[in-house]
>>> print(open('protein37.cif').read())   # mmCIF, C-alpha atoms and all ligand atoms; chains and numbers go by the auth columns
data_entry
loop_
_atom_site.group_PDB
_atom_site.id
_atom_site.type_symbol
_atom_site.label_atom_id
_atom_site.label_comp_id
_atom_site.label_asym_id
_atom_site.label_seq_id
_atom_site.Cartn_x
_atom_site.Cartn_y
_atom_site.Cartn_z
_atom_site.B_iso_or_equiv
_atom_site.auth_seq_id
_atom_site.auth_asym_id
ATOM 1 C CA MET A 1 -27.470 -11.812 15.147 0.00 1 A
ATOM 2 C CA ILE A 2 -28.818 -8.672 16.788 0.00 2 A
ATOM 3 C CA ALA A 3 -29.248 -10.434 20.094 0.00 3 A
ATOM 4 C CA ARG A 4 -25.737 -11.852 19.878 0.00 4 A
ATOM 5 C CA ASP A 5 -24.256 -8.446 19.068 0.00 5 A
ATOM 6 C CA THR A 6 -26.038 -6.929 22.015 0.00 6 A
ATOM 7 C CA GLN A 7 -24.772 -9.700 24.214 0.00 7 A
ATOM 8 C CA ALA A 8 -21.197 -9.213 23.035 0.00 8 A
ATOM 9 C CA THR A 9 -21.385 -5.461 23.494 0.00 9 A
ATOM 10 C CA GLY A 10 -22.735 -5.916 26.972 0.00 10 A
ATOM 11 C CA TRP A 11 -19.965 -8.329 27.800 0.00 11 A
ATOM 12 C CA ARG A 12 -17.325 -5.935 26.589 0.00 12 A
ATOM 13 C CA ALA A 13 -18.890 -3.092 28.558 0.00 13 A
ATOM 14 C CA ARG A 14 -18.842 -5.213 31.702 0.00 14 A
ATOM 15 C CA ARG A 15 -15.199 -6.037 31.101 0.00 15 A
ATOM 16 C CA ARG A 16 -14.336 -2.372 30.589 0.00 16 A
ATOM 17 C CA ARG A 17 -16.088 -1.501 33.831 0.00 17 A
ATOM 18 C CA ALA A 18 -14.209 -4.269 35.619 0.00 18 A
ATOM 19 C CA GLY A 19 -10.922 -3.006 34.184 0.00 19 A
ATOM 20 C CA ALA A 20 -11.677 0.555 35.245 0.00 20 A
ATOM 21 C CA ALA A 21 -12.537 -0.594 38.756 0.00 21 A
ATOM 22 C CA LEU A 22 -9.240 -2.483 38.999 0.00 22 A
ATOM 23 C CA SER A 23 -7.331 0.587 37.833 0.00 23 A
ATOM 24 C CA LEU A 24 -8.961 2.674 40.543 0.00 24 A
ATOM 25 C CA ILE A 25 -8.063 0.112 43.213 0.00 25 A
ATOM 26 C CA LEU A 26 -4.418 0.091 42.140 0.00 26 A
ATOM 27 C CA LEU A 27 -4.240 3.844 41.837 0.00 27 A
ATOM 28 C CA GLY A 28 -5.755 4.118 45.298 0.00 28 A
ATOM 29 C CA ALA A 29 -3.183 1.735 46.718 0.00 29 A
ATOM 30 C CA CYS A 30 -0.421 3.706 45.041 0.00 30 A
ATOM 31 C CA SER A 31 -1.503 7.095 46.324 0.00 31 A
ATOM 32 C CA SER A 32 -1.899 5.815 49.875 0.00 32 A
ATOM 33 C CA GLY A 33 1.547 4.183 49.900 0.00 33 A
ATOM 34 C CA ARG A 34 4.895 5.728 50.650 0.00 34 A
ATOM 35 C CA GLY A 35 4.658 7.929 47.624 0.00 35 A
ATOM 36 C CA THR A 36 7.960 7.040 45.984 0.00 36 A
ATOM 37 C CA LEU A 37 6.837 4.157 43.821 0.00 37 A
ATOM 38 C CA ALA A 38 5.564 5.210 40.437 0.00 38 A
ATOM 39 C CA ILE A 39 3.051 2.776 39.043 0.00 39 A
ATOM 40 C CA ALA A 40 2.368 3.112 35.373 0.00 40 A
ATOM 41 C CA PRO A 41 -1.279 3.118 34.343 0.00 41 A
ATOM 42 C CA LEU A 42 -2.590 -0.315 33.541 0.00 42 A
ATOM 43 C CA PRO A 43 -2.703 -1.071 29.857 0.00 43 A
ATOM 44 C CA ALA A 44 -6.155 -0.961 28.416 0.00 44 A
ATOM 45 C CA ALA A 45 -8.001 -4.259 28.573 0.00 45 A
ATOM 46 C CA GLU A 46 -8.235 -4.234 24.802 0.00 46 A
ATOM 47 C CA PRO A 47 -6.260 -2.523 22.064 0.00 47 A
ATOM 48 C CA ALA A 48 -7.945 0.446 20.467 0.00 48 A
ATOM 49 C CA ARG A 49 -10.607 -0.663 18.053 0.00 49 A
ATOM 50 C CA THR A 50 -10.514 1.783 15.242 0.00 50 A
ATOM 51 C CA ALA A 51 -13.505 1.384 13.039 0.00 51 A
ATOM 52 C CA PRO A 52 -12.827 1.716 9.346 0.00 52 A
ATOM 53 C CA SER A 53 -14.188 4.744 7.620 0.00 53 A
ATOM 54 C CA GLY A 54 -14.698 5.679 4.034 0.00 54 A
ATOM 55 C CA ALA A 55 -14.405 3.497 1.003 0.00 55 A
ATOM 56 C CA ALA A 56 -12.820 0.081 0.997 0.00 56 A
ATOM 57 C CA PRO A 57 -9.038 0.056 0.713 0.00 57 A
ATOM 58 C CA ALA A 58 -7.361 -1.063 -2.466 0.00 58 A
ATOM 59 C CA HIS A 59 -7.045 -4.808 -2.891 0.00 59 A
ATOM 60 C CA ALA A 60 -3.399 -5.892 -2.860 0.00 60 A
ATOM 61 C CA GLY A 61 -2.483 -8.387 -5.540 0.00 61 A
ATOM 62 C CA PRO A 62 -4.437 -10.134 -8.266 0.00 62 A
ATOM 63 C CA LEU A 63 -8.176 -10.400 -7.815 0.00 63 A
ATOM 64 C CA ASP A 64 -10.456 -13.004 -9.358 0.00 64 A
ATOM 65 C CA ALA A 65 -12.988 -11.530 -11.790 0.00 65 A
ATOM 66 C CA ARG A 66 -15.819 -13.094 -9.759 0.00 66 A
ATOM 67 C CA VAL A 67 -15.077 -10.676 -6.897 0.00 67 A
ATOM 68 C CA SER A 68 -16.746 -7.289 -7.417 0.00 68 A
ATOM 69 C CA ALA A 69 -16.077 -3.852 -5.968 0.00 69 A
ATOM 70 C CA ASP A 70 -19.325 -4.308 -4.060 0.00 70 A
ATOM 71 C CA ASP A 71 -17.904 -7.474 -2.488 0.00 71 A
ATOM 72 C CA LEU A 72 -14.839 -5.567 -1.329 0.00 72 A
ATOM 73 C CA GLU A 73 -17.032 -2.861 0.205 0.00 73 A
ATOM 74 C CA ALA A 74 -18.986 -5.544 2.032 0.00 74 A
ATOM 75 C CA LEU A 75 -15.768 -7.144 3.282 0.00 75 A
ATOM 76 C CA TRP A 76 -14.548 -3.766 4.555 0.00 76 A
ATOM 77 C CA ASP A 77 -17.837 -3.395 6.426 0.00 77 A
ATOM 78 C CA ARG A 78 -17.100 -6.655 8.268 0.00 78 A
ATOM 79 C CA GLN A 79 -14.246 -4.952 10.193 0.00 79 A
ATOM 80 C CA LEU A 80 -12.081 -8.045 10.176 0.00 80 A
ATOM 81 C CA MET A 81 -9.877 -8.797 13.151 0.00 81 A
ATOM 82 C CA VAL A 82 -6.362 -10.183 12.768 0.00 82 A
ATOM 83 C CA PRO A 83 -7.105 -13.818 13.708 0.00 83 A
ATOM 84 C CA ILE A 84 -4.164 -14.284 16.080 0.00 84 A
ATOM 85 C CA ASP A 85 -4.487 -13.353 19.739 0.00 85 A
ATOM 86 C CA GLY A 86 -2.062 -10.523 20.452 0.00 86 A
ATOM 87 C CA MET A 87 -1.062 -9.780 16.844 0.00 87 A
ATOM 88 C CA ALA A 88 -1.361 -6.145 15.842 0.00 88 A
ATOM 89 C CA ARG A 89 -2.304 -5.219 12.309 0.00 89 A
ATOM 90 C CA LYS A 90 1.111 -3.662 11.728 0.00 90 A
ATOM 91 C CA LEU A 91 2.748 -7.067 12.287 0.00 91 A
ATOM 92 C CA VAL A 92 0.855 -8.745 9.462 0.00 92 A
ATOM 93 C CA ARG A 93 2.948 -9.423 6.363 0.00 93 A
ATOM 94 C CA ASP A 94 1.420 -9.712 2.928 0.00 94 A
ATOM 95 C CA THR A 95 2.168 -13.201 1.648 0.00 95 A
ATOM 96 C CA PHE A 96 -0.860 -13.383 -0.667 0.00 96 A
ATOM 97 C CA THR A 97 1.273 -13.597 -3.809 0.00 97 A
ATOM 98 C CA ALA A 98 4.039 -15.715 -2.305 0.00 98 A
ATOM 99 C CA PRO A 99 4.852 -18.742 -4.468 0.00 99 A
ATOM 100 C CA ARG A 100 3.552 -21.976 -3.036 0.00 100 A
ATOM 101 C CA SER A 101 3.218 -25.455 -4.424 0.00 101 A
ATOM 102 C CA GLY A 102 0.191 -25.314 -6.644 0.00 102 A
ATOM 103 C CA GLY A 103 0.665 -21.679 -7.678 0.00 103 A
ATOM 104 C CA LEU A 104 -0.574 -18.506 -6.046 0.00 104 A
ATOM 105 C CA HIS A 105 -0.646 -18.678 -2.258 0.00 105 A
ATOM 106 C CA GLY A 106 -3.897 -16.701 -2.108 0.00 106 A
ATOM 107 C CA ALA A 107 -3.703 -16.446 1.673 0.00 107 A
ATOM 108 C CA LEU A 108 -1.714 -14.906 4.511 0.00 108 A
ATOM 109 C CA ASP A 109 0.704 -16.858 6.680 0.00 109 A
ATOM 110 C CA LEU A 110 0.621 -15.434 10.202 0.00 110 A
ATOM 111 C CA LEU A 111 3.596 -16.643 12.215 0.00 111 A
ATOM 112 C CA ALA A 112 3.064 -17.189 15.921 0.00 112 A
ATOM 113 C CA PRO A 113 4.294 -19.593 18.579 0.00 113 A
ATOM 114 C CA ARG A 114 2.674 -23.002 18.688 0.00 114 A
ATOM 115 C CA PHE A 115 -0.552 -23.036 20.721 0.00 115 A
ATOM 116 C CA THR A 116 -1.124 -19.284 20.329 0.00 116 A
ATOM 117 C CA ALA A 117 -4.880 -18.778 20.287 0.00 117 A
ATOM 118 C CA VAL A 118 -6.487 -18.430 16.869 0.00 118 A
ATOM 119 C CA VAL A 119 -9.481 -16.106 17.115 0.00 119 A
ATOM 120 C CA ALA A 120 -12.384 -15.688 14.724 0.00 120 A
ATOM 121 C CA ALA A 121 -11.691 -12.852 12.285 0.00 121 A
ATOM 122 C CA ASP A 122 -15.414 -12.124 12.076 0.00 122 A
ATOM 123 C CA ASP A 123 -18.715 -13.180 13.549 0.00 123 A
ATOM 124 C CA CYS A 124 -19.278 -16.448 11.797 0.00 124 A
ATOM 125 C CA VAL A 125 -20.891 -19.840 11.588 0.00 125 A
ATOM 126 C CA ILE A 126 -18.601 -22.857 11.593 0.00 126 A
ATOM 127 C CA GLY A 127 -19.316 -24.620 8.318 0.00 127 A
ATOM 128 C CA ARG A 128 -16.766 -27.363 7.910 0.00 128 A
ATOM 129 C CA LEU A 129 -14.122 -29.015 10.064 0.00 129 A
ATOM 130 C CA PHE A 130 -11.658 -31.099 8.156 0.00 130 A
ATOM 131 C CA THR A 131 -8.232 -32.708 8.476 0.00 131 A
ATOM 132 C CA GLY A 132 -6.128 -33.252 5.362 0.00 132 A
ATOM 133 C CA SER A 133 -2.540 -33.656 4.214 0.00 133 A
ATOM 134 C CA THR A 134 -2.213 -30.078 2.922 0.00 134 A
ATOM 135 C CA GLY A 135 -4.031 -27.798 5.350 0.00 135 A
ATOM 136 C CA GLY A 136 -3.856 -30.214 8.255 0.00 136 A
ATOM 137 C CA ILE A 137 -6.479 -29.411 10.863 0.00 137 A
ATOM 138 C CA VAL A 138 -8.656 -26.731 9.278 0.00 138 A
ATOM 139 C CA ILE A 139 -11.782 -24.656 9.862 0.00 139 A
ATOM 140 C CA TYR A 140 -14.101 -23.194 7.263 0.00 140 A
ATOM 141 C CA ALA A 141 -16.531 -20.555 8.516 0.00 141 A
ATOM 142 C CA SER A 142 -18.997 -18.177 6.872 0.00 142 A
ATOM 143 C CA ASP A 143 -19.923 -14.632 7.809 0.00 143 A
ATOM 144 C CA PRO A 144 -23.551 -14.181 8.979 0.00 144 A
ATOM 145 C CA ASP A 145 -24.652 -13.083 5.489 0.00 145 A
ATOM 146 C CA GLU A 146 -22.953 -16.096 3.910 0.00 146 A
ATOM 147 C CA ARG A 147 -21.081 -13.859 1.517 0.00 147 A
ATOM 148 C CA PHE A 148 -17.562 -14.741 2.589 0.00 148 A
ATOM 149 C CA VAL A 149 -15.718 -17.832 3.785 0.00 149 A
ATOM 150 C CA TYR A 150 -12.850 -17.742 6.244 0.00 150 A
ATOM 151 C CA TYR A 151 -10.362 -20.600 6.130 0.00 151 A
ATOM 152 C CA TYR A 152 -7.956 -21.349 8.973 0.00 152 A
ATOM 153 C CA ALA A 153 -5.307 -24.026 8.403 0.00 153 A
ATOM 154 C CA HIS A 154 -2.357 -25.828 10.033 0.00 154 A
ATOM 155 C CA LEU A 155 -4.045 -25.662 13.448 0.00 155 A
ATOM 156 C CA GLN A 156 -2.478 -27.607 16.264 0.00 156 A
ATOM 157 C CA GLN A 157 -5.944 -28.354 17.542 0.00 157 A
ATOM 158 C CA TYR A 158 -9.464 -27.000 17.645 0.00 158 A
ATOM 159 C CA ARG A 159 -10.891 -25.222 20.602 0.00 159 A
ATOM 160 C CA ARG A 160 -12.372 -27.975 22.684 0.00 160 A
ATOM 161 C CA GLY A 161 -15.942 -28.687 21.688 0.00 161 A
ATOM 162 C CA LEU A 162 -15.933 -26.680 18.467 0.00 162 A
ATOM 163 C CA ALA A 163 -18.555 -28.099 16.110 0.00 163 A
ATOM 164 C CA VAL A 164 -20.103 -27.471 12.722 0.00 164 A
ATOM 165 C CA GLY A 165 -23.058 -25.121 13.106 0.00 165 A
ATOM 166 C CA ASP A 166 -21.577 -23.206 16.033 0.00 166 A
ATOM 167 C CA ARG A 167 -22.145 -19.469 15.892 0.00 167 A
ATOM 168 C CA VAL A 168 -18.934 -17.770 16.928 0.00 168 A
ATOM 169 C CA ALA A 169 -18.343 -14.128 17.800 0.00 169 A
ATOM 170 C CA LYS A 170 -15.445 -12.165 16.377 0.00 170 A
ATOM 171 C CA GLY A 171 -12.466 -12.545 18.701 0.00 171 A
ATOM 172 C CA SER A 172 -13.577 -15.880 20.133 0.00 172 A
ATOM 173 C CA VAL A 173 -10.943 -18.593 20.320 0.00 173 A
ATOM 174 C CA ILE A 174 -11.598 -21.274 17.704 0.00 174 A
ATOM 175 C CA GLY A 175 -8.288 -23.132 17.707 0.00 175 A
ATOM 176 C CA TYR A 176 -4.550 -22.962 18.252 0.00 176 A
ATOM 177 C CA VAL A 177 -1.590 -22.263 15.985 0.00 177 A
ATOM 178 C CA GLY A 178 0.336 -25.321 14.871 0.00 178 A
ATOM 179 C CA THR A 179 2.090 -27.092 12.023 0.00 179 A
ATOM 180 C CA THR A 180 -0.366 -29.755 10.879 0.00 180 A
ATOM 181 C CA GLY A 181 -0.612 -30.589 7.189 0.00 181 A
ATOM 182 C CA ASN A 182 2.293 -29.446 5.011 0.00 182 A
ATOM 183 C CA ALA A 183 3.484 -26.604 7.272 0.00 183 A
ATOM 184 C CA PRO A 184 7.209 -26.766 8.080 0.00 184 A
ATOM 185 C CA PRO A 185 7.477 -28.430 11.494 0.00 185 A
ATOM 186 C CA ASP A 186 9.706 -25.637 12.800 0.00 186 A
ATOM 187 C CA THR A 187 7.496 -22.785 11.551 0.00 187 A
ATOM 188 C CA PRO A 188 4.178 -22.755 13.351 0.00 188 A
ATOM 189 C CA HIS A 189 1.785 -20.403 11.623 0.00 189 A
ATOM 190 C CA LEU A 190 -1.819 -19.819 10.744 0.00 190 A
ATOM 191 C CA HIS A 191 -2.648 -19.987 7.063 0.00 191 A
ATOM 192 C CA PHE A 192 -5.612 -17.611 6.833 0.00 192 A
ATOM 193 C CA GLN A 193 -7.618 -17.234 3.675 0.00 193 A
ATOM 194 C CA VAL A 194 -10.687 -15.174 2.827 0.00 194 A
ATOM 195 C CA MET A 195 -12.861 -16.267 -0.056 0.00 195 A
ATOM 196 C CA LYS A 196 -16.016 -15.096 -1.674 0.00 196 A
ATOM 197 C CA ARG A 197 -18.424 -17.875 -0.857 0.00 197 A
ATOM 198 C CA GLY A 198 -18.772 -20.268 -3.741 0.00 198 A
ATOM 199 C CA ALA A 199 -22.112 -21.305 -5.190 0.00 199 A
ATOM 200 C CA GLY A 200 -23.629 -24.707 -4.550 0.00 200 A
ATOM 201 C CA ARG A 201 -21.995 -27.608 -2.806 0.00 201 A
ATOM 202 C CA ALA A 202 -18.461 -26.206 -3.111 0.00 202 A
ATOM 203 C CA TRP A 203 -19.322 -23.116 -1.063 0.00 203 A
ATOM 204 C CA TRP A 204 -15.962 -23.457 0.686 0.00 204 A
ATOM 205 C CA ASP A 205 -13.973 -23.230 -2.560 0.00 205 A
ATOM 206 C CA GLY A 206 -14.711 -19.728 -3.900 0.00 206 A
ATOM 207 C CA PRO A 207 -12.256 -17.139 -5.266 0.00 207 A
ATOM 208 C CA ALA A 208 -9.656 -15.803 -2.841 0.00 208 A
ATOM 209 C CA ILE A 209 -9.592 -12.213 -1.606 0.00 209 A
ATOM 210 C CA ASN A 210 -6.457 -10.775 -0.015 0.00 210 A
ATOM 211 C CA PRO A 211 -7.433 -9.650 3.501 0.00 211 A
ATOM 212 C CA PHE A 212 -4.119 -7.851 4.033 0.00 212 A
ATOM 213 C CA SER A 213 -5.481 -4.296 3.696 0.00 213 A
ATOM 214 C CA PHE A 214 -8.892 -5.182 5.156 0.00 214 A
ATOM 215 C CA PHE A 215 -8.044 -5.755 8.812 0.00 215 A
ATOM 216 C CA ALA A 216 -9.779 -3.149 10.952 0.00 216 A
ATOM 217 C CA LEU A 217 -8.937 -4.609 14.339 0.00 217 A
ATOM 218 C CA ASP A 218 -5.828 -5.930 16.041 0.00 218 A
ATOM 219 C CA GLY A 219 -6.056 -9.543 17.172 0.00 219 A
ATOM 220 C CA VAL A 220 -7.363 -9.978 20.696 0.00 220 A
ATOM 221 C CA ARG A 221 -9.335 -12.816 22.242 0.00 221 A
ATOM 222 C CA LEU A 222 -12.628 -12.034 23.854 0.00 222 A
HETATM 223 ZN ZN ZN B . -0.020 -20.442 3.752 0.00 1 B
#
>>> encode(input="protein37.cif", output="structure tokens")
Amino acid sequence: MIARDTQATGWRARRRRAGAALSLILLGACSSGRGTLAIAPLPAAEPARTAPSGAAPAHAGPLDARVSADDLEALWDRQLMVPIDGMARKLVRDTFTAPRSGGLHGALDLLAPRFTAVVAADDCVIGRLFTGSTGGIVIYASDPDERFVYYYAHLQQYRRGLAVGDRVAKGSVIGYVGTTGNAPPDTPHLHFQVMKRGAGRAWWDGPAINPFSFFALDGVRL
């Protein structure tokens, strides 16, 4: 993963340099023009990425006894990104304890227009691609340490070519928001769940953790 991280950092640095160069070009054009047109500075290429500091935040809602304080610290260290392109952390609503058929929701519903890009909340390995009547088109992915599982459901479609075993960087597009499965057809949303990875064959079915207070980064595609 070190090589991948270096690669991603280098990519971001190149993009920042490209953005800065574009800003200079536009500013130059502005200052050499007639002088009456005020051009606002270009928005930053990416929203501010505020790294979390200190201890893990409090977990909102009920927590399964199999999830330890150490697990929550480790999840905080992952610096999760809101998995919707363009969705700021402040727009996320906590629907972890919302009633759903079958009991506790145990996940967040992130509302966004159909075909909005779903981005990986963390660096991950795609572990399972599945289509069913409840979640519809879904993705299960694990963090690099295989401690957590990220579940994305109701996708309209996968990113083209996505396959089990793919290593995906945080912020990469993995699919698109939709209404497959039992999502209301007029309410496209991403059902996003974080779980502690289960033991054995049912690794994708561990206890849920509410990611609501654990997002460190606003959603933005790489
Ligand atoms: Zn849901």
>>> residues_near_ligand(input="protein37.cif", ligand="ligand ZN 1 (chain B)", cutoff="6 Å", atoms="all atoms listed in the file", output="list in words")
Ala107, Leu108, Asp109 and His191 of chain A
>>> resolve_selection(input="protein37.cif", expression="the PyMOL selection byres (((chain A and resi 149) around 7) and not hetatm)", output="PyMOL selection string")
chain A and resi 140-143+148+150-151+194-197+204
>>> write_last_selection(input="protein37.cif", atoms="C-alpha atoms", output="CSV table (one decimal), keeping the file's coordinate frame")
chain,number,residue,atom,x,y,z
A,140,TYR,CA,-14.1,-23.2,7.3
A,141,ALA,CA,-16.5,-20.6,8.5
A,142,SER,CA,-19.0,-18.2,6.9
A,143,ASP,CA,-19.9,-14.6,7.8
A,148,PHE,CA,-17.6,-14.7,2.6
A,150,TYR,CA,-12.8,-17.7,6.2
A,151,TYR,CA,-10.4,-20.6,6.1
A,194,VAL,CA,-10.7,-15.2,2.8
A,195,MET,CA,-12.9,-16.3,-0.1
A,196,LYS,CA,-16.0,-15.1,-1.7
A,197,ARG,CA,-18.4,-17.9,-0.9
A,204,TRP,CA,-16.0,-23.5,0.7
>>> atom_distance(input="protein37.cif", atom1="CA of Ala88 (chain A)", atom2="CA of Gly106 (chain A)")
21.0 Å
>>> atom_distance(input="protein37.cif", atom1="CA of Leu222 (chain A)", atom2="CA of Ala120 (chain A)")
9.8 Å
>>> residues_near_point(input="protein37.cif", point="(-22.7, -18.2, 18.9)", cutoff="8 Å", atoms="all atoms listed in the file", output="ChimeraX atom specification")
/A:4,125,166-169
>>> closest_atom_pairs(input="protein37.cif", of="region 129-210 of chain A", to="region 66-86 of chain A", cutoff="9 Å", atoms="all atoms listed in the file", output="JSON lines")
{"residue": "A:Asp143", "atom": "CA", "partner": "A:Arg78", "partner_atom": "CA", "distance": 8.5}
{"residue": "A:Arg147", "atom": "CA", "partner": "A:Asp71", "partner_atom": "CA", "distance": 8.2}
{"residue": "A:Phe148", "atom": "CA", "partner": "A:Leu75", "partner_atom": "CA", "distance": 7.8}
{"residue": "A:Tyr152", "atom": "CA", "partner": "A:Pro83", "partner_atom": "CA", "distance": 8.9}
{"residue": "A:Lys170", "atom": "CA", "partner": "A:Met81", "partner_atom": "CA", "distance": 7.3}
{"residue": "A:Gly171", "atom": "CA", "partner": "A:Met81", "partner_atom": "CA", "distance": 7.2}
{"residue": "A:Val173", "atom": "CA", "partner": "A:Asp85", "partner_atom": "CA", "distance": 8.3}
{"residue": "A:Tyr176", "atom": "CA", "partner": "A:Ile84", "partner_atom": "CA", "distance": 9.0}
{"residue": "A:Val177", "atom": "CA", "partner": "A:Ile84", "partner_atom": "CA", "distance": 8.4}
{"residue": "A:Leu190", "atom": "CA", "partner": "A:Ile84", "partner_atom": "CA", "distance": 8.0}
{"residue": "A:Phe192", "atom": "CA", "partner": "A:Pro83", "partner_atom": "CA", "distance": 8.0}
{"residue": "A:Lys196", "atom": "CA", "partner": "A:Val67", "partner_atom": "CA", "distance": 6.9}
{"residue": "A:Gly206", "atom": "CA", "partner": "A:Arg66", "partner_atom": "CA", "distance": 8.9}
{"residue": "A:Pro207", "atom": "CA", "partner": "A:Arg66", "partner_atom": "CA", "distance": 7.0}
{"residue": "A:Ala208", "atom": "CA", "partner": "A:Val67", "partner_atom": "CA", "distance": 8.5}
{"residue": "A:Ile209", "atom": "CA", "partner": "A:Val67", "partner_atom": "CA", "distance": 7.8}
>>> resolve_selection(input="protein37.cif", expression="the PyMOL selection byres (((chain A and resi 181) around 6) and not hetatm)", output="number ranges by chain")
A: 133-136, 154, 180, 182-183
>>> closest_residue(input="protein37.cif", among="A:Phe214, A:Asp122, A:Arg221, A:Asp205", to="Ala55 (chain A)", atoms="only C-alpha atoms")
A:Phe214
>>> atom_distance(input="protein37.cif", atom1="CA of Ala163 (chain A)", atom2="CA of Cys124 (chain A)")
12.4 Å
>>> closest_residue(input="protein37.cif", among="A:Leu217, A:Leu162, A:Val138, A:Leu111", to="Pro184 (chain A)", atoms="only C-alpha atoms")
A:Leu111
>>> closest_residue(input="protein37.cif", among="A:Met87, A:Ala199, A:Ala60, A:Val164", to="Ala121 (chain A)", atoms="only C-alpha atoms")
A:Met87
>>> closest_residue(input="protein37.cif", among="A:Phe96, A:Phe215, A:Trp203, A:Phe115", to="Leu155 (chain A)", atoms="only C-alpha atoms")
A:Phe115
>>> closest_residue(input="protein37.cif", among="A:Gly132, A:Val92, A:Gly127, A:Ala56", to="Ala112 (chain A)", atoms="all atoms listed in the file")
A:Val92
>>> closest_residue(input="protein37.cif", among="A:Pro62, A:Pro57, A:Gly219, A:Pro99", to="Ser172 (chain A)", atoms="only C-alpha atoms")
A:Gly219
>>> decode(input="protein37.cif", residues="region 177-192 of chain A", atoms="N, CA and C atoms", output="PDB file, in the first residue's frame")
ATOM      1  N   VAL A 177     -25.070   6.318  -7.906  1.00  0.00           N
ATOM      2  CA  VAL A 177     -26.269   6.304  -7.065  1.00  0.00           C
ATOM      3  C   VAL A 177     -27.482   5.864  -7.880  1.00  0.00           C
ATOM      4  N   GLY A 178     -28.330   5.061  -7.251  1.00  0.00           N
ATOM      5  CA  GLY A 178     -29.524   4.589  -7.940  1.00  0.00           C
ATOM      6  C   GLY A 178     -30.607   4.178  -6.974  1.00  0.00           C
ATOM      7  N   THR A 179     -31.478   3.302  -7.450  1.00  0.00           N
ATOM      8  CA  THR A 179     -32.629   2.848  -6.655  1.00  0.00           C
ATOM      9  C   THR A 179     -32.827   1.340  -6.771  1.00  0.00           C
ATOM     10  N   THR A 180     -31.791   0.598  -7.077  1.00  0.00           N
ATOM     11  CA  THR A 180     -31.968  -0.850  -7.217  1.00  0.00           C
ATOM     12  C   THR A 180     -32.288  -1.485  -5.864  1.00  0.00           C
ATOM     13  N   GLY A 181     -32.809  -2.687  -5.906  1.00  0.00           N
ATOM     14  CA  GLY A 181     -33.228  -3.366  -4.676  1.00  0.00           C
ATOM     15  C   GLY A 181     -34.534  -2.770  -4.170  1.00  0.00           C
ATOM     16  N   ASN A 182     -34.648  -2.613  -2.844  1.00  0.00           N
ATOM     17  CA  ASN A 182     -35.914  -2.131  -2.279  1.00  0.00           C
ATOM     18  C   ASN A 182     -35.924  -0.637  -2.022  1.00  0.00           C
ATOM     19  N   ALA A 183     -35.050   0.127  -2.661  1.00  0.00           N
ATOM     20  CA  ALA A 183     -35.074   1.591  -2.509  1.00  0.00           C
ATOM     21  C   ALA A 183     -36.317   2.146  -3.204  1.00  0.00           C
ATOM     22  N   PRO A 184     -36.951   3.165  -2.615  1.00  0.00           N
ATOM     23  CA  PRO A 184     -38.091   3.780  -3.316  1.00  0.00           C
ATOM     24  C   PRO A 184     -37.640   4.305  -4.678  1.00  0.00           C
ATOM     25  N   PRO A 185     -38.421   4.037  -5.723  1.00  0.00           N
ATOM     26  CA  PRO A 185     -37.965   4.409  -7.069  1.00  0.00           C
ATOM     27  C   PRO A 185     -37.802   5.914  -7.276  1.00  0.00           C
ATOM     28  N   ASP A 186     -38.453   6.701  -6.408  1.00  0.00           N
ATOM     29  CA  ASP A 186     -38.328   8.162  -6.562  1.00  0.00           C
ATOM     30  C   ASP A 186     -37.348   8.765  -5.565  1.00  0.00           C
ATOM     31  N   THR A 187     -36.584   7.921  -4.859  1.00  0.00           N
ATOM     32  CA  THR A 187     -35.636   8.433  -3.868  1.00  0.00           C
ATOM     33  C   THR A 187     -34.269   7.793  -4.056  1.00  0.00           C
ATOM     34  N   PRO A 188     -33.566   8.203  -5.109  1.00  0.00           N
ATOM     35  CA  PRO A 188     -32.226   7.631  -5.276  1.00  0.00           C
ATOM     36  C   PRO A 188     -31.339   7.965  -4.085  1.00  0.00           C
ATOM     37  N   HIS A 189     -30.645   6.982  -3.598  1.00  0.00           N
ATOM     38  CA  HIS A 189     -29.730   7.221  -2.475  1.00  0.00           C
ATOM     39  C   HIS A 189     -28.725   6.092  -2.387  1.00  0.00           C
ATOM     40  N   LEU A 190     -27.642   6.394  -1.694  1.00  0.00           N
ATOM     41  CA  LEU A 190     -26.663   5.356  -1.370  1.00  0.00           C
ATOM     42  C   LEU A 190     -26.921   4.894   0.050  1.00  0.00           C
ATOM     43  N   HIS A 191     -27.089   3.615   0.222  1.00  0.00           N
ATOM     44  CA  HIS A 191     -27.144   3.016   1.556  1.00  0.00           C
ATOM     45  C   HIS A 191     -25.708   2.607   1.871  1.00  0.00           C
ATOM     46  N   PHE A 192     -25.111   3.293   2.839  1.00  0.00           N
ATOM     47  CA  PHE A 192     -23.690   3.061   3.153  1.00  0.00           C
ATOM     48  C   PHE A 192     -23.573   2.519   4.567  1.00  0.00           C
TER      49      PHE A 192
END
